[in-house]
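Take a look at the structure set out below.
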Amino acid sequence: MTTEISHPATSPKQAALQLVIELVRAGKLSPMQGDAANMISIYEQFKDHFEADKQKHATDSAFS
């Protein structure tokens, strides 16, 4: 099964979710380590980063 990879600039929420899923698949992040709050926090950090980057690029484009 192939899933299209979301680009952070166009779909920050989906890209953050896919990144967390890939970290779990790679064994770098485990749902067994602590509670779900840890995974939600990591997702929120990625999402916030991608959304801030998207906003920065939109602002940069407006000035060019």
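Lettering and numbering for the structure tokens are positional, with chains as A, B, ... in the shown order, residues counted from 1 in each chain, and ligands counted from 1 in the shown order.
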field: Selection: 6 Å around stretch 2-11 of chain A, only C-alpha atoms, excl. self and same-chain fewer than 4 positions, as a ChimeraX atom specification
entry: /A:15,50,54
Check chain A with DSSP on the backbone and list each residue it calls helix (DSSP H, G or I), as an mmCIF file with N, CA and C atoms, in the first residue's frame.
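Just written: out_29.cif:
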```cif
data_model
loop_
_atom_site.group_PDB
_atom_site.id
_atom_site.type_symbol
_atom_site.label_atom_id
_atom_site.label_comp_id
_atom_site.auth_asym_id
_atom_site.auth_seq_id
_atom_site.Cartn_x
_atom_site.Cartn_y
_atom_site.Cartn_z
ATOM 1 N N PRO A 12 0.294 21.021 6.571
ATOM 2 C CA PRO A 12 1.111 20.858 7.770
ATOM 3 C C PRO A 12 0.586 19.823 8.765
ATOM 4 N N LYS A 13 -0.728 19.747 8.937
ATOM 5 C CA LYS A 13 -1.292 18.777 9.892
ATOM 6 C C LYS A 13 -1.070 17.350 9.416
ATOM 7 N N GLN A 14 -1.352 17.101 8.144
ATOM 8 C CA GLN A 14 -1.186 15.762 7.595
ATOM 9 C C GLN A 14 0.293 15.361 7.579
ATOM 10 N N ALA A 15 1.165 16.294 7.229
ATOM 11 C CA ALA A 15 2.601 16.006 7.204
ATOM 12 C C ALA A 15 3.115 15.668 8.603
ATOM 13 N N ALA A 16 2.645 16.398 9.608
ATOM 14 C CA ALA A 16 3.067 16.127 10.991
ATOM 15 C C ALA A 16 2.595 14.741 11.423
ATOM 16 N N LEU A 17 1.354 14.391 11.076
ATOM 17 C CA LEU A 17 0.828 13.073 11.419
ATOM 18 C C LEU A 17 1.630 11.975 10.735
ATOM 19 N N GLN A 18 1.922 12.153 9.452
ATOM 20 C CA GLN A 18 2.710 11.156 8.732
ATOM 21 C C GLN A 18 4.104 11.013 9.330
ATOM 22 N N LEU A 19 4.687 12.109 9.764
ATOM 23 C CA LEU A 19 6.023 12.054 10.359
ATOM 24 C C LEU A 19 6.010 11.262 11.662
ATOM 25 N N VAL A 20 5.018 11.488 12.502
ATOM 26 C CA VAL A 20 4.909 10.728 13.748
ATOM 27 C C VAL A 20 4.709 9.247 13.451
ATOM 28 N N ILE A 21 3.867 8.931 12.485
ATOM 29 C CA ILE A 21 3.637 7.529 12.114
ATOM 30 C C ILE A 21 4.926 6.874 11.634
ATOM 31 N N GLU A 22 5.685 7.585 10.811
ATOM 32 C CA GLU A 22 6.951 7.027 10.317
ATOM 33 C C GLU A 22 7.968 6.844 11.440
ATOM 34 N N LEU A 23 7.976 7.744 12.413
ATOM 35 C CA LEU A 23 8.868 7.575 13.566
ATOM 36 C C LEU A 23 8.486 6.332 14.367
ATOM 37 N N VAL A 24 7.197 6.063 14.504
ATOM 38 C CA VAL A 24 6.745 4.848 15.189
ATOM 39 C C VAL A 24 7.160 3.622 14.390
ATOM 40 N N ARG A 25 6.929 3.645 13.079
ATOM 41 C CA ARG A 25 7.311 2.508 12.221
ATOM 42 C C ARG A 25 8.808 2.225 12.275
ATOM 43 N N ALA A 36 -0.098 8.547 25.823
ATOM 44 C CA ALA A 36 -0.348 9.164 24.518
ATOM 45 C C ALA A 36 0.011 10.639 24.497
ATOM 46 N N ALA A 37 0.061 11.268 25.655
ATOM 47 C CA ALA A 37 0.376 12.698 25.717
ATOM 48 C C ALA A 37 1.736 12.993 25.090
ATOM 49 N N ASN A 38 2.682 12.086 25.219
ATOM 50 C CA ASN A 38 4.005 12.261 24.629
ATOM 51 C C ASN A 38 3.921 12.302 23.107
ATOM 52 N N MET A 39 3.177 11.376 22.531
ATOM 53 C CA MET A 39 3.047 11.334 21.075
ATOM 54 C C MET A 39 2.258 12.544 20.560
ATOM 55 N N ILE A 40 1.239 12.942 21.299
ATOM 56 C CA ILE A 40 0.456 14.118 20.913
ATOM 57 C C ILE A 40 1.324 15.364 20.969
ATOM 58 N N SER A 41 2.167 15.462 21.980
ATOM 59 C CA SER A 41 3.072 16.601 22.113
ATOM 60 C C SER A 41 4.043 16.671 20.937
ATOM 61 N N ILE A 42 4.586 15.542 20.541
ATOM 62 C CA ILE A 42 5.513 15.504 19.410
ATOM 63 C C ILE A 42 4.791 15.914 18.135
ATOM 64 N N TYR A 43 3.576 15.397 17.931
ATOM 65 C CA TYR A 43 2.765 15.782 16.766
ATOM 66 C C TYR A 43 2.533 17.296 16.759
ATOM 67 N N GLU A 44 2.141 17.851 17.908
ATOM 68 C CA GLU A 44 1.857 19.285 18.005
ATOM 69 C C GLU A 44 3.107 20.119 17.685
ATOM 70 N N GLN A 45 4.265 19.665 18.140
ATOM 71 C CA GLN A 45 5.507 20.392 17.861
ATOM 72 C C GLN A 45 5.807 20.407 16.367
ATOM 73 N N PHE A 46 5.665 19.257 15.711
ATOM 74 C CA PHE A 46 5.883 19.202 14.261
ATOM 75 C C PHE A 46 4.871 20.077 13.532
ATOM 76 N N LYS A 47 3.593 19.967 13.913
ATOM 77 C CA LYS A 47 2.527 20.738 13.274
ATOM 78 C C LYS A 47 2.785 22.238 13.425
ATOM 79 N N ASP A 48 3.119 22.659 14.639
ATOM 80 C CA ASP A 48 3.397 24.080 14.881
ATOM 81 C C ASP A 48 4.576 24.561 14.046
ATOM 82 N N HIS A 49 5.594 23.731 13.954
ATOM 83 C CA HIS A 49 6.777 24.085 13.162
ATOM 84 C C HIS A 49 6.410 24.223 11.683
ATOM 85 N N PHE A 50 5.682 23.246 11.159
ATOM 86 C CA PHE A 50 5.297 23.285 9.741
ATOM 87 C C PHE A 50 4.378 24.467 9.444
ATOM 88 N N GLU A 51 3.439 24.762 10.359
ATOM 89 C CA GLU A 51 2.533 25.894 10.144
ATOM 90 C C GLU A 51 3.290 27.225 10.203
ATOM 91 N N ALA A 52 4.252 27.342 11.117
ATOM 92 C CA ALA A 52 5.060 28.567 11.198
ATOM 93 C C ALA A 52 5.898 28.726 9.939
ATOM 94 N N ASP A 53 6.451 27.634 9.452
ATOM 95 C CA ASP A 53 7.246 27.678 8.224
ATOM 96 C C ASP A 53 6.373 28.061 7.032
ATOM 97 N N LYS A 54 5.152 27.519 6.989
ATOM 98 C CA LYS A 54 4.211 27.853 5.916
ATOM 99 C C LYS A 54 3.887 29.348 5.958
ATOM 100 N N GLN A 55 3.664 29.883 7.152
ATOM 101 C CA GLN A 55 3.354 31.304 7.302
ATOM 102 C C GLN A 55 4.544 32.147 6.904
ATOM 103 N N LYS A 56 5.743 31.726 7.261
ATOM 104 C CA LYS A 56 6.956 32.469 6.919
ATOM 105 C C LYS A 56 7.120 32.543 5.397
ATOM 106 N N HIS A 57 6.901 31.412 4.732
ATOM 107 C CA HIS A 57 7.028 31.392 3.268
ATOM 108 C C HIS A 57 5.951 32.255 2.605
ATOM 109 N N ALA A 58 4.757 32.276 3.177
ATOM 110 C CA ALA A 58 3.691 33.102 2.626
ATOM 111 C C ALA A 58 4.041 34.585 2.769
ATOM 112 N N THR A 59 4.623 34.949 3.906
ATOM 113 C CA THR A 59 5.040 36.333 4.140
ATOM 114 C C THR A 59 6.184 36.718 3.217
ATOM 115 N N ASP A 60 7.147 35.797 3.061
ATOM 116 C CA ASP A 60 8.283 36.060 2.164
ATOM 117 C C ASP A 60 7.808 36.247 0.734
ATOM 118 N N SER A 61 6.826 35.450 0.317
ATOM 119 C CA SER A 61 6.309 35.557 -1.061
ATOM 120 C C SER A 61 5.574 36.863 -1.279
ATOM 121 N N ALA A 62 4.920 37.363 -0.250
ATOM 122 C CA ALA A 62 4.152 38.600 -0.366
ATOM 123 C C ALA A 62 5.078 39.800 -0.583
ATOM 124 N N PHE A 63 6.298 39.715 -0.063
ATOM 125 C CA PHE A 63 7.251 40.814 -0.184
ATOM 126 C C PHE A 63 8.129 40.710 -1.412
#
```
